[in-house]
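Engineer: Can you keep this structure in mind? I'll have questions shortly.
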Amino acid sequence: MEERLPAAIRRVWWIGTLLTAGWWGAVTAVAWLGHTLWHWPLWVVLIGAAVLVLHAGSKALLIPYRYAYWRYRITDTAVYLREGALVRKETAIPISRIQNVTLEAGPILRANGLQEVQIQTAATTDAIAGVTTATAATLRDLILRLAQEARDDA
Amino acid sequence: MTPKRLHPLALVMLIGGRLLTWTPLALLAFLRDFKGGFTRMEGLTDLGLLGILVAIAALSAGVRYWRFTYTLGPDALTVSSGLFKRRTSHIPYTKIQTLQRQQWFFLTPFGLERLSIETSGQDSDKAEAVLDAVPVQVAAQIEARRMRVAVAGATDVATGGSPDVTAAGPAEPAAPEAPISEPMPTTPDPAPLLTGAPDDSYTADAHALNLYALTSLGVIPIISGLLWVVNKLEDLAPKAWVDALGTTLSHLAVTLLVGLVILVLLIGFALSYFNLIQKYYRFTLTRRGDLLTAERGLLKRDAVSVQRPRIQAVRAKASILRQCFHLSTVQGLTASSAAADESDDDLVLLPVVADAALLPTMRPFIPWLPTDLPTLARPRTPWRYARNAALTWATIGLLAIAASWWWWRAWTPWVAGGAAALTLLAGPLGWLAGRHTGVVQLDGDRLVCQIGHVWSRETLFLRRANIQSLERKQPVWLARTGLGHLTINLRKGNGLASLDVKYLAQPTIAAVWAWYQPDA
């Protein structure tokens, strides 16, 4: 049974986008200050503004797309992650390969009561961007229990 | 168990190593003075600075030598180092991925070697433990203890620790390792695993070595290196010399100039050739039980040992040049970064072998390889590979032309010509790369996959247990033609090896997907 990400993750992504816009806005402001006070060339300001629009703009535009198409599914033997519509990508991670499950939450995720679930194998790290704290703990315990069983049976 | 220090000769090695790293900088400063003509004062200052450099190197090496100790415990190797920040590493013998022994010719009379021990920890690109100069018996002792611990673990069922010798994965489960609480068992050491008579052995003969060095593309970095040095010398040499040289060269006829260029190319090629010959001199692959050892080198004898179950995948790689002669290089992917090859950091199992002889030669060492190469499911038509290659090189070419138009206008016709030639070449080479791409499952446990690139081709033999995760991509614009991409993720060195097999038919991808996870 496939699960979606919680709706609150969109708010987290929006805040992240605003922070990115703020950061590039600050860079552009410094460039403009340099242009007026110390005669920096105009193209520095223009590049700053362009990056601001492109980076923050693309992040903002992709939020509904990402939310709509992200799915995850945990069976007895594997974790399946699905994303994207333009390029549909599906990842299969057998439980027996999972070395580590880490729950991580920065201040924005914490403020919204969410946590990121990172699933580590010996080579890759895949992440479920955000689930509620209760779900995160359940997922972690489930995956680790299945991992323990998978190894004991081997 | 008393901690042991390194052999005093390690001091020489450590000082030498530090000087080698710092000498180019010193030389640069030295030559700058040389350029403006030499005064006595400058000469003395330079010598003084050189002396200070040597003193710093000696001090740094001395501190490391004094603070570095190692102990061969019953089930782990303990290494202590550091002056201000004391660092103690415990490396359980069972966690060792590769053991690399390097012996310079001047250490042989003393019976010393440099030992690098790597585990599957992803800490950094350096080995977890490096013993700069230890007697050659240490490596054999480590291997013997590893065997003993593994055997004891296998017979001790109740503790729940899983024996490494049969584990197929690179890292061990979260369950704690069985502690060996009793004193060291009195069973005699198993047959020396690093020096006894091998179960199987392969030595690269002179002909194979010659082929390897001749078909190497390593000449290109050497030539670039030579050109860079010439460029730097021009900056650093005294102006009078450069002017004199310029006048001489301008008076030479064109034929002589061409001859000079060819001479430089030949020198570059000869340097690369002899470097490879001495690096892979008397390459030997041996198997003793489950331990594979690859040894090579003339001036510096380099031996890397790896446990067979630790090998993540076997790769047969061939550049365009070697493909023309039907030759391949066989490498083993492990979870540690020992034994660098000429082009990447994978353990070389066979430097060069004829394609037809590849599997028969490797099977005694790695029995899970197939007896011969199966028929792979390939993309229906490789034109997309050709198109992608041509587009990529056309883009690179256009960027190069734009850059040369902006900065070195005189060179633009040459750059344009080169770009056009490369793009025209990229199309057919891309087509060939597409023909050399494919994947097939051998049985429930093994997979063979081939990936073609524009300038090389690789064939990988994988086991299901070593594939960390699988990805499949379905771009919306390929849905109508029923094509998709497959990505196989493996552990390689300290990171990830992502194998992208593109433009495969959907049924092929579905078959591999089902093979990987039977209950999708």
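Residues are named by chain letter and number: chains run A, B, ... in the order of the structure tokens, numbers start at 1 in each chain, and ligands are numbered from 1 in the order shown.
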Could I get the residues of chain B with an atom no further than 7 Å from an atom of chain A, each paired with its nearest atom pair and that distance in Å to one decimal, using only C-alpha atoms, sorted by chain and residue number, as JSON lines?

Structural biologist:
```
{"residue": "B:Ala171", "atom": "CA", "partner": "A:Ala122", "partner_atom": "CA", "distance": 6.8}
{"residue": "B:Gln468", "atom": "CA", "partner": "A:Arg97", "partner_atom": "CA", "distance": 5.9}
{"residue": "B:Ser469", "atom": "CA", "partner": "A:Ile93", "partner_atom": "CA", "distance": 4.8}
{"residue": "B:Leu470", "atom": "CA", "partner": "A:Ala92", "partner_atom": "CA", "distance": 5.2}
{"residue": "B:Glu471", "atom": "CA", "partner": "A:Thr91", "partner_atom": "CA", "distance": 4.3}
{"residue": "B:Arg472", "atom": "CA", "partner": "A:Glu90", "partner_atom": "CA", "distance": 5.3}
{"residue": "B:Lys473", "atom": "CA", "partner": "A:Lys89", "partner_atom": "CA", "distance": 4.3}
{"residue": "B:Gln474", "atom": "CA", "partner": "A:Arg88", "partner_atom": "CA", "distance": 4.9}
{"residue": "B:Pro475", "atom": "CA", "partner": "A:Val87", "partner_atom": "CA", "distance": 4.0}
{"residue": "B:Val476", "atom": "CA", "partner": "A:Leu86", "partner_atom": "CA", "distance": 5.3}
{"residue": "B:Leu490", "atom": "CA", "partner": "A:Ala123", "partner_atom": "CA", "distance": 6.1}
{"residue": "B:Arg491", "atom": "CA", "partner": "A:Ala123", "partner_atom": "CA", "distance": 4.6}
{"residue": "B:Gly495", "atom": "CA", "partner": "A:Ala123", "partner_atom": "CA", "distance": 5.8}
{"residue": "B:Leu496", "atom": "CA", "partner": "A:Ala123", "partner_atom": "CA", "distance": 4.9}
```

Engineer: Would you pick out the contacts of Ile96 (chain B) at 8 Å or less, using only C-alpha atoms, so that residues sharing its chain but fewer than 4 positions from it are not included, and give the list as a list in words?

Structural biologist: Ile91, Pro92, Ile117, Glu118, Thr119 and Ser120 of chain B

Engineer: Produce a file of the selected residues containing all heavy atoms, as a JSON list (two decimals), in the first residue's frame.

Structural biologist:
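Dumped to out.json:
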```json
[["chain", "number", "residue", "atom", "x", "y", "z"],
["B", 91, "ILE", "N", 40.84, -2.02, 15.08],
["B", 91, "ILE", "CA", 40.36, -2.61, 13.84],
["B", 91, "ILE", "C", 40.23, -4.11, 14.04],
["B", 91, "ILE", "O", 41.25, -4.81, 14.08],
["B", 91, "ILE", "CB", 41.33, -2.30, 12.69],
["B", 91, "ILE", "CG1", 41.46, -0.79, 12.53],
["B", 91, "ILE", "CG2", 40.83, -2.92, 11.40],
["B", 91, "ILE", "CD1", 42.65, -0.41, 11.72],
["B", 92, "PRO", "N", 38.99, -4.61, 14.20],
["B", 92, "PRO", "CA", 38.84, -6.07, 14.33],
["B", 92, "PRO", "C", 39.33, -6.76, 13.08],
["B", 92, "PRO", "O", 39.10, -6.28, 11.97],
["B", 92, "PRO", "CB", 37.33, -6.25, 14.50],
["B", 92, "PRO", "CG", 36.80, -4.89, 14.81],
["B", 92, "PRO", "CD", 37.72, -3.91, 14.21],
["B", 117, "ILE", "N", 46.04, -1.04, 5.96],
["B", 117, "ILE", "CA", 44.89, -1.89, 6.28],
["B", 117, "ILE", "C", 43.62, -1.10, 6.08],
["B", 117, "ILE", "O", 43.46, -0.01, 6.62],
["B", 117, "ILE", "CB", 45.00, -2.39, 7.73],
["B", 117, "ILE", "CG1", 46.23, -3.25, 7.86],
["B", 117, "ILE", "CG2", 43.77, -3.17, 8.13],
["B", 117, "ILE", "CD1", 46.77, -3.30, 9.24],
["B", 118, "GLU", "N", 42.72, -1.63, 5.27],
["B", 118, "GLU", "CA", 41.47, -0.92, 4.99],
["B", 118, "GLU", "C", 40.28, -1.76, 5.42],
["B", 118, "GLU", "O", 40.25, -2.96, 5.22],
["B", 118, "GLU", "CB", 41.36, -0.65, 3.50],
["B", 118, "GLU", "CG", 42.41, 0.30, 3.01],
["B", 118, "GLU", "CD", 41.87, 1.29, 2.02],
["B", 118, "GLU", "OE1", 40.65, 1.50, 1.99],
["B", 118, "GLU", "OE2", 42.68, 1.85, 1.29],
["B", 119, "THR", "N", 39.31, -1.06, 6.00],
["B", 119, "THR", "CA", 38.04, -1.71, 6.31],
["B", 119, "THR", "C", 36.97, -1.07, 5.43],
["B", 119, "THR", "O", 37.28, -0.24, 4.59],
["B", 119, "THR", "CB", 37.66, -1.51, 7.79],
["B", 119, "THR", "OG1", 37.45, -0.11, 7.99],
["B", 119, "THR", "CG2", 38.76, -1.99, 8.70],
["B", 120, "SER", "N", 35.73, -1.46, 5.64],
["B", 120, "SER", "CA", 34.70, -0.88, 4.78],
["B", 120, "SER", "C", 34.15, 0.41, 5.35],
["B", 120, "SER", "O", 33.15, 0.91, 4.89],
["B", 120, "SER", "CB", 33.57, -1.88, 4.56],
["B", 120, "SER", "OG", 33.00, -2.20, 5.81]]
```

Engineer: Kindly indicate which residue among B:Ser272, B:Thr39, B:Thr2, B:Thr392 lies nearest to Leu425 (chain B), using only C-alpha atoms for the distances.

Structural biologist: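 Comparing B:Ser272, B:Thr39, B:Thr2, B:Thr392 against Leu425 (chain B), the winner is B:Thr392.
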
Engineer: Based on the backbone DSSP call, show me all residues of chain A assigned strand (DSSP E or B), as a count of residues only.

Structural biologist: 40

Engineer: Can you tell me how far CA of Gly130 (chain A) sits from CA of Val117 (chain A), in Å to one decimal?

Structural biologist: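 Separating CA of Gly130 (chain A) from CA of Val117 (chain A) is a distance of 6.9 Å.
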
Engineer: Let's see if you can do this: from backbone DSSP, list all helix (DSSP H, G or I) residues in chain A, as a JSON list (two decimals) with N, CA and C atoms, in the first residue's frame.

Structural biologist:
```json
[["chain", "number", "residue", "atom", "x", "y", "z"],
["A", 8, "ALA", "N", 1.94, 18.71, 5.37],
["A", 8, "ALA", "CA", 2.76, 19.74, 6.01],
["A", 8, "ALA", "C", 4.11, 19.91, 5.34],
["A", 9, "ILE", "N", 4.55, 18.91, 4.58],
["A", 9, "ILE", "CA", 5.88, 19.01, 3.96],
["A", 9, "ILE", "C", 5.92, 20.15, 2.95],
["A", 10, "ARG", "N", 4.77, 20.48, 2.38],
["A", 10, "ARG", "CA", 4.76, 21.57, 1.39],
["A", 10, "ARG", "C", 5.12, 22.89, 2.06],
["A", 11, "ARG", "N", 4.61, 23.06, 3.29],
["A", 11, "ARG", "CA", 4.92, 24.29, 4.01],
["A", 11, "ARG", "C", 6.43, 24.36, 4.27],
["A", 12, "VAL", "N", 7.00, 23.21, 4.64],
["A", 12, "VAL", "CA", 8.45, 23.16, 4.89],
["A", 12, "VAL", "C", 9.21, 23.56, 3.63],
["A", 13, "TRP", "N", 8.79, 23.01, 2.49],
["A", 13, "TRP", "CA", 9.48, 23.33, 1.24],
["A", 13, "TRP", "C", 9.33, 24.79, 0.87],
["A", 14, "TRP", "N", 8.13, 25.36, 1.14],
["A", 14, "TRP", "CA", 7.93, 26.78, 0.84],
["A", 14, "TRP", "C", 8.88, 27.64, 1.68],
["A", 15, "ILE", "N", 8.97, 27.30, 2.97],
["A", 15, "ILE", "CA", 9.86, 28.08, 3.84],
["A", 15, "ILE", "C", 11.29, 27.96, 3.32],
["A", 16, "GLY", "N", 11.68, 26.75, 2.91],
["A", 16, "GLY", "CA", 13.01, 26.56, 2.37],
["A", 16, "GLY", "C", 13.24, 27.43, 1.14],
["A", 17, "THR", "N", 12.23, 27.50, 0.28],
["A", 17, "THR", "CA", 12.35, 28.31, -0.94],
["A", 17, "THR", "C", 12.50, 29.79, -0.57],
["A", 18, "LEU", "N", 11.70, 30.23, 0.43],
["A", 18, "LEU", "CA", 11.81, 31.63, 0.84],
["A", 18, "LEU", "C", 13.20, 31.93, 1.37],
["A", 19, "LEU", "N", 13.77, 30.97, 2.12],
["A", 19, "LEU", "CA", 15.13, 31.17, 2.65],
["A", 19, "LEU", "C", 16.14, 31.27, 1.51],
["A", 20, "THR", "N", 15.98, 30.40, 0.52],
["A", 20, "THR", "CA", 16.88, 30.46, -0.64],
["A", 20, "THR", "C", 16.76, 31.81, -1.32],
["A", 21, "ALA", "N", 15.49, 32.25, -1.52],
["A", 21, "ALA", "CA", 15.27, 33.56, -2.16],
["A", 21, "ALA", "C", 15.91, 34.65, -1.32],
["A", 22, "GLY", "N", 15.76, 34.54, 0.00],
["A", 22, "GLY", "CA", 16.35, 35.53, 0.89],
["A", 22, "GLY", "C", 17.87, 35.58, 0.76],
["A", 23, "TRP", "N", 18.48, 34.40, 0.71],
["A", 23, "TRP", "CA", 19.93, 34.32, 0.60],
["A", 23, "TRP", "C", 20.42, 34.98, -0.68],
["A", 24, "TRP", "N", 19.81, 34.59, -1.81],
["A", 24, "TRP", "CA", 20.24, 35.17, -3.08],
["A", 24, "TRP", "C", 19.88, 36.65, -3.16],
["A", 25, "GLY", "N", 18.76, 37.03, -2.49],
["A", 25, "GLY", "CA", 18.41, 38.45, -2.43],
["A", 25, "GLY", "C", 19.49, 39.24, -1.72],
["A", 26, "ALA", "N", 20.00, 38.68, -0.62],
["A", 26, "ALA", "CA", 21.07, 39.35, 0.11],
["A", 26, "ALA", "C", 22.31, 39.49, -0.78],
["A", 27, "VAL", "N", 22.66, 38.42, -1.49],
["A", 27, "VAL", "CA", 23.84, 38.47, -2.38],
["A", 27, "VAL", "C", 23.64, 39.56, -3.44],
["A", 28, "THR", "N", 22.44, 39.60, -4.03],
["A", 28, "THR", "CA", 22.17, 40.63, -5.05],
["A", 28, "THR", "C", 22.24, 42.02, -4.44],
["A", 29, "ALA", "N", 21.72, 42.16, -3.20],
["A", 29, "ALA", "CA", 21.75, 43.47, -2.54],
["A", 29, "ALA", "C", 23.19, 43.92, -2.35],
["A", 30, "VAL", "N", 24.05, 43.00, -1.89],
["A", 30, "VAL", "CA", 25.47, 43.35, -1.70],
["A", 30, "VAL", "C", 26.09, 43.75, -3.03],
["A", 31, "ALA", "N", 25.73, 42.98, -4.11],
["A", 31, "ALA", "CA", 26.28, 43.30, -5.43],
["A", 31, "ALA", "C", 25.83, 44.69, -5.87],
["A", 32, "TRP", "N", 24.55, 45.02, -5.61],
["A", 32, "TRP", "CA", 24.03, 46.33, -6.00],
["A", 32, "TRP", "C", 24.72, 47.43, -5.20],
["A", 33, "LEU", "N", 24.95, 47.16, -3.91],
["A", 33, "LEU", "CA", 25.66, 48.11, -3.06],
["A", 33, "LEU", "C", 27.06, 48.34, -3.62],
["A", 34, "GLY", "N", 27.70, 47.23, -3.99],
["A", 34, "GLY", "CA", 29.04, 47.34, -4.58],
["A", 34, "GLY", "C", 29.00, 48.13, -5.88],
["A", 35, "HIS", "N", 27.94, 47.95, -6.65],
["A", 35, "HIS", "CA", 27.82, 48.65, -7.92],
["A", 35, "HIS", "C", 27.68, 50.15, -7.71],
["A", 36, "THR", "N", 26.86, 50.54, -6.71],
["A", 36, "THR", "CA", 26.63, 51.97, -6.48],
["A", 36, "THR", "C", 27.82, 52.60, -5.76],
["A", 37, "LEU", "N", 28.37, 51.90, -4.76],
["A", 37, "LEU", "CA", 29.40, 52.54, -3.94],
["A", 37, "LEU", "C", 30.80, 52.36, -4.52],
["A", 38, "TRP", "N", 31.12, 51.11, -5.00],
["A", 38, "TRP", "CA", 32.49, 50.85, -5.41],
["A", 38, "TRP", "C", 32.62, 50.58, -6.90],
["A", 42, "LEU", "N", 27.90, 46.10, -13.70],
["A", 42, "LEU", "CA", 26.47, 45.83, -13.55],
["A", 42, "LEU", "C", 26.15, 44.36, -13.68],
["A", 43, "TRP", "N", 26.95, 43.63, -14.48],
["A", 43, "TRP", "CA", 26.57, 42.24, -14.74],
["A", 43, "TRP", "C", 26.63, 41.39, -13.48],
["A", 44, "VAL", "N", 27.40, 41.81, -12.45],
["A", 44, "VAL", "CA", 27.42, 41.04, -11.19],
["A", 44, "VAL", "C", 26.02, 41.09, -10.56],
["A", 45, "VAL", "N", 25.42, 42.30, -10.56],
["A", 45, "VAL", "CA", 24.08, 42.45, -9.99],
["A", 45, "VAL", "C", 23.08, 41.63, -10.79],
["A", 46, "LEU", "N", 23.23, 41.71, -12.13],
["A", 46, "LEU", "CA", 22.27, 41.01, -12.98],
["A", 46, "LEU", "C", 22.36, 39.51, -12.79],
["A", 47, "ILE", "N", 23.61, 39.00, -12.64],
["A", 47, "ILE", "CA", 23.77, 37.56, -12.42],
["A", 47, "ILE", "C", 23.13, 37.17, -11.10],
["A", 48, "GLY", "N", 23.36, 37.98, -10.06],
["A", 48, "GLY", "CA", 22.74, 37.69, -8.77],
["A", 48, "GLY", "C", 21.23, 37.61, -8.88],
["A", 49, "ALA", "N", 20.65, 38.62, -9.56],
["A", 49, "ALA", "CA", 19.19, 38.64, -9.71],
["A", 49, "ALA", "C", 18.72, 37.44, -10.51],
["A", 50, "ALA", "N", 19.45, 37.11, -11.56],
["A", 50, "ALA", "CA", 19.05, 35.98, -12.41],
["A", 50, "ALA", "C", 19.06, 34.68, -11.62],
["A", 51, "VAL", "N", 20.14, 34.46, -10.83],
["A", 51, "VAL", "CA", 20.21, 33.23, -10.04],
["A", 51, "VAL", "C", 19.07, 33.19, -9.03],
["A", 52, "LEU", "N", 18.77, 34.34, -8.43],
["A", 52, "LEU", "CA", 17.67, 34.40, -7.47],
["A", 52, "LEU", "C", 16.38, 33.92, -8.11],
["A", 53, "VAL", "N", 16.07, 34.52, -9.27],
["A", 53, "VAL", "CA", 14.81, 34.16, -9.94],
["A", 53, "VAL", "C", 14.82, 32.68, -10.34],
["A", 54, "LEU", "N", 15.93, 32.24, -10.93],
["A", 54, "LEU", "CA", 15.97, 30.86, -11.44],
["A", 54, "LEU", "C", 15.92, 29.84, -10.31],
["A", 55, "HIS", "N", 16.79, 30.01, -9.31],
["A", 55, "HIS", "CA", 16.88, 29.00, -8.26],
["A", 55, "HIS", "C", 15.61, 28.96, -7.43],
["A", 56, "ALA", "N", 15.26, 30.12, -6.85],
["A", 56, "ALA", "CA", 14.07, 30.14, -6.00],
["A", 56, "ALA", "C", 12.82, 29.85, -6.81],
["A", 57, "GLY", "N", 12.78, 30.39, -8.03],
["A", 57, "GLY", "CA", 11.60, 30.18, -8.87],
["A", 57, "GLY", "C", 11.39, 28.72, -9.20],
["A", 58, "SER", "N", 12.49, 28.05, -9.59],
["A", 58, "SER", "CA", 12.34, 26.64, -9.96],
["A", 58, "SER", "C", 11.95, 25.81, -8.74],
["A", 59, "LYS", "N", 12.54, 26.12, -7.59],
["A", 59, "LYS", "CA", 12.16, 25.39, -6.38],
["A", 59, "LYS", "C", 10.69, 25.56, -6.09],
["A", 60, "ALA", "N", 10.20, 26.81, -6.19],
["A", 60, "ALA", "CA", 8.79, 27.07, -5.89],
["A", 60, "ALA", "C", 7.86, 26.34, -6.86],
["A", 61, "LEU", "N", 8.23, 26.39, -8.15],
["A", 61, "LEU", "CA", 7.38, 25.75, -9.14],
["A", 61, "LEU", "C", 7.31, 24.24, -8.95],
["A", 62, "LEU", "N", 8.41, 23.67, -8.43],
["A", 62, "LEU", "CA", 8.45, 22.21, -8.34],
["A", 62, "LEU", "C", 7.75, 21.67, -7.10],
["A", 63, "ILE", "N", 7.41, 22.54, -6.14],
["A", 63, "ILE", "CA", 6.83, 22.03, -4.89],
["A", 63, "ILE", "C", 5.55, 21.23, -5.14],
["A", 64, "PRO", "N", 4.55, 21.77, -5.84],
["A", 64, "PRO", "CA", 3.33, 20.97, -6.05],
["A", 64, "PRO", "C", 3.62, 19.69, -6.83],
["A", 65, "TYR", "N", 4.54, 19.78, -7.79],
["A", 65, "TYR", "CA", 4.90, 18.60, -8.60],
["A", 65, "TYR", "C", 5.51, 17.51, -7.73],
["A", 66, "ARG", "N", 6.48, 17.90, -6.91],
["A", 66, "ARG", "CA", 7.13, 16.92, -6.03],
["A", 66, "ARG", "C", 6.12, 16.30, -5.09],
["A", 67, "TYR", "N", 5.27, 17.13, -4.48],
["A", 67, "TYR", "CA", 4.32, 16.59, -3.52],
["A", 67, "TYR", "C", 3.36, 15.62, -4.18],
["A", 68, "ALA", "N", 2.92, 15.96, -5.39],
["A", 68, "ALA", "CA", 1.91, 15.13, -6.05],
["A", 68, "ALA", "C", 2.45, 13.76, -6.40],
["A", 69, "TYR", "N", 3.74, 13.66, -6.73],
["A", 69, "TYR", "CA", 4.21, 12.40, -7.30],
["A", 69, "TYR", "C", 5.13, 11.60, -6.42],
["A", 95, "ILE", "N", 15.39, -4.93, 2.27],
["A", 95, "ILE", "CA", 15.59, -4.70, 3.71],
["A", 95, "ILE", "C", 16.93, -5.25, 4.15],
["A", 96, "SER", "N", 17.35, -6.37, 3.57],
["A", 96, "SER", "CA", 18.60, -6.99, 4.03],
["A", 96, "SER", "C", 19.82, -6.16, 3.69],
["A", 97, "ARG", "N", 19.69, -5.16, 2.80],
["A", 97, "ARG", "CA", 20.84, -4.31, 2.49],
["A", 97, "ARG", "C", 20.91, -3.10, 3.40],
["A", 107, "PRO", "N", 15.49, 22.77, 12.02],
["A", 107, "PRO", "CA", 14.50, 23.57, 12.76],
["A", 107, "PRO", "C", 13.18, 23.72, 12.04],
["A", 108, "ILE", "N", 13.21, 23.83, 10.71],
["A", 108, "ILE", "CA", 11.95, 24.03, 9.98],
["A", 108, "ILE", "C", 11.09, 22.77, 10.05],
["A", 109, "LEU", "N", 11.75, 21.61, 9.85],
["A", 109, "LEU", "CA", 11.00, 20.35, 9.94],
["A", 109, "LEU", "C", 10.44, 20.16, 11.33],
["A", 110, "ARG", "N", 11.29, 20.45, 12.32],
["A", 110, "ARG", "CA", 10.84, 20.27, 13.72],
["A", 110, "ARG", "C", 9.65, 21.15, 14.04],
["A", 111, "ALA", "N", 9.69, 22.41, 13.56],
["A", 111, "ALA", "CA", 8.60, 23.34, 13.83],
["A", 111, "ALA", "C", 7.29, 22.83, 13.27],
["A", 133, "THR", "N", 6.45, 12.71, 13.21],
["A", 133, "THR", "CA", 7.38, 12.08, 14.15],
["A", 133, "THR", "C", 6.94, 10.67, 14.51],
["A", 134, "ALA", "N", 5.64, 10.51, 14.73],
["A", 134, "ALA", "CA", 5.13, 9.18, 15.10],
["A", 134, "ALA", "C", 5.38, 8.19, 13.97],
["A", 135, "THR", "N", 5.04, 8.62, 12.74],
["A", 135, "THR", "CA", 5.27, 7.74, 11.58],
["A", 135, "THR", "C", 6.75, 7.42, 11.43],
["A", 136, "ALA", "N", 7.59, 8.43, 11.66],
["A", 136, "ALA", "CA", 9.03, 8.22, 11.50],
["A", 136, "ALA", "C", 9.52, 7.15, 12.46],
["A", 137, "ALA", "N", 9.11, 7.25, 13.72],
["A", 137, "ALA", "CA", 9.54, 6.25, 14.70],
["A", 137, "ALA", "C", 9.02, 4.87, 14.31],
["A", 138, "THR", "N", 7.76, 4.80, 13.88],
["A", 138, "THR", "CA", 7.19, 3.50, 13.46],
["A", 138, "THR", "C", 7.96, 2.92, 12.29],
["A", 139, "LEU", "N", 8.25, 3.77, 11.30],
["A", 139, "LEU", "CA", 8.99, 3.30, 10.12],
["A", 139, "LEU", "C", 10.36, 2.78, 10.51],
["A", 140, "ARG", "N", 11.05, 3.57, 11.35],
["A", 140, "ARG", "CA", 12.39, 3.16, 11.73],
["A", 140, "ARG", "C", 12.35, 1.82, 12.44],
["A", 141, "ASP", "N", 11.42, 1.67, 13.41],
["A", 141, "ASP", "CA", 11.35, 0.41, 14.14],
["A", 141, "ASP", "C", 10.99, -0.74, 13.21],
["A", 142, "LEU", "N", 10.05, -0.49, 12.30],
["A", 142, "LEU", "CA", 9.64, -1.53, 11.36],
["A", 142, "LEU", "C", 10.81, -1.98, 10.51],
["A", 143, "ILE", "N", 11.52, -1.01, 9.91],
["A", 143, "ILE", "CA", 12.62, -1.35, 9.01],
["A", 143, "ILE", "C", 13.72, -2.08, 9.78],
["A", 144, "LEU", "N", 14.05, -1.59, 10.97],
["A", 144, "LEU", "CA", 15.12, -2.25, 11.72],
["A", 144, "LEU", "C", 14.71, -3.65, 12.16],
["A", 145, "ARG", "N", 13.44, -3.82, 12.52],
["A", 145, "ARG", "CA", 12.99, -5.16, 12.91],
["A", 145, "ARG", "C", 13.06, -6.10, 11.72],
["A", 146, "LEU", "N", 12.58, -5.64, 10.56],
["A", 146, "LEU", "CA", 12.66, -6.48, 9.37],
["A", 146, "LEU", "C", 14.11, -6.77, 9.01],
["A", 147, "ALA", "N", 14.98, -5.77, 9.20],
["A", 147, "ALA", "CA", 16.40, -5.97, 8.87],
["A", 147, "ALA", "C", 17.00, -7.04, 9.77],
["A", 148, "GLN", "N", 16.65, -6.97, 11.06],
["A", 148, "GLN", "CA", 17.17, -7.97, 12.00],
["A", 148, "GLN", "C", 16.70, -9.36, 11.59],
["A", 149, "GLU", "N", 15.39, -9.49, 11.27],
["A", 149, "GLU", "CA", 14.86, -10.79, 10.87],
["A", 149, "GLU", "C", 15.52, -11.28, 9.60],
["A", 150, "ALA", "N", 15.70, -10.37, 8.66],
["A", 150, "ALA", "CA", 16.30, -10.75, 7.37],
["A", 150, "ALA", "C", 17.67, -11.33, 7.59],
["A", 151, "ARG", "N", 18.43, -10.74, 8.51],
["A", 151, "ARG", "CA", 19.78, -11.24, 8.71],
["A", 151, "ARG", "C", 19.77, -12.53, 9.47],
["A", 152, "ASP", "N", 18.87, -12.65, 10.48],
["A", 152, "ASP", "CA", 18.86, -13.88, 11.26],
["A", 152, "ASP", "C", 18.43, -15.06, 10.42],
["A", 153, "ASP", "N", 17.53, -14.79, 9.46],
["A", 153, "ASP", "CA", 17.07, -15.90, 8.62],
["A", 153, "ASP", "C", 18.13, -16.35, 7.64]]
```

Engineer: Between B:Leu349, B:Ala316, B:Leu327, B:Val304, which residue has the minimum interatomic distance to Leu373 (chain B), considering only C-alpha atoms?

Structural biologist: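 Ranking B:Leu349, B:Ala316, B:Leu327, B:Val304 by distance to Leu373 (chain B), first place goes to B:Ala316.
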
Engineer: In Å, how far is it from CA of Pro238 (chain B) to CA of Leu260 (chain B)?

Structural biologist: 22.2 Å

Engineer: Have a look at B:Ala356, B:Leu99, B:Leu19, B:Ala514 and name the one nearest to Ser116 (chain B); count only C-alpha atoms.

Structural biologist: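 Of B:Ala356, B:Leu99, B:Leu19, B:Ala514, the one nearest Ser116 (chain B) is B:Leu99, counting only C-alpha atoms.
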
Engineer: Interatomic distance between CA of Ile142 (chain B) and CA of Leu291 (chain B)?

Structural biologist: 12.9 Å

Engineer: Which polymer residues have any atom within 8 Å of an atom of Leu292 (chain B), counting only C-alpha atoms, with same-chain residues fewer than 4 positions away left out, as a VMD selection string?

Structural biologist: chain B and resid 285 to 288 305 to 308 365
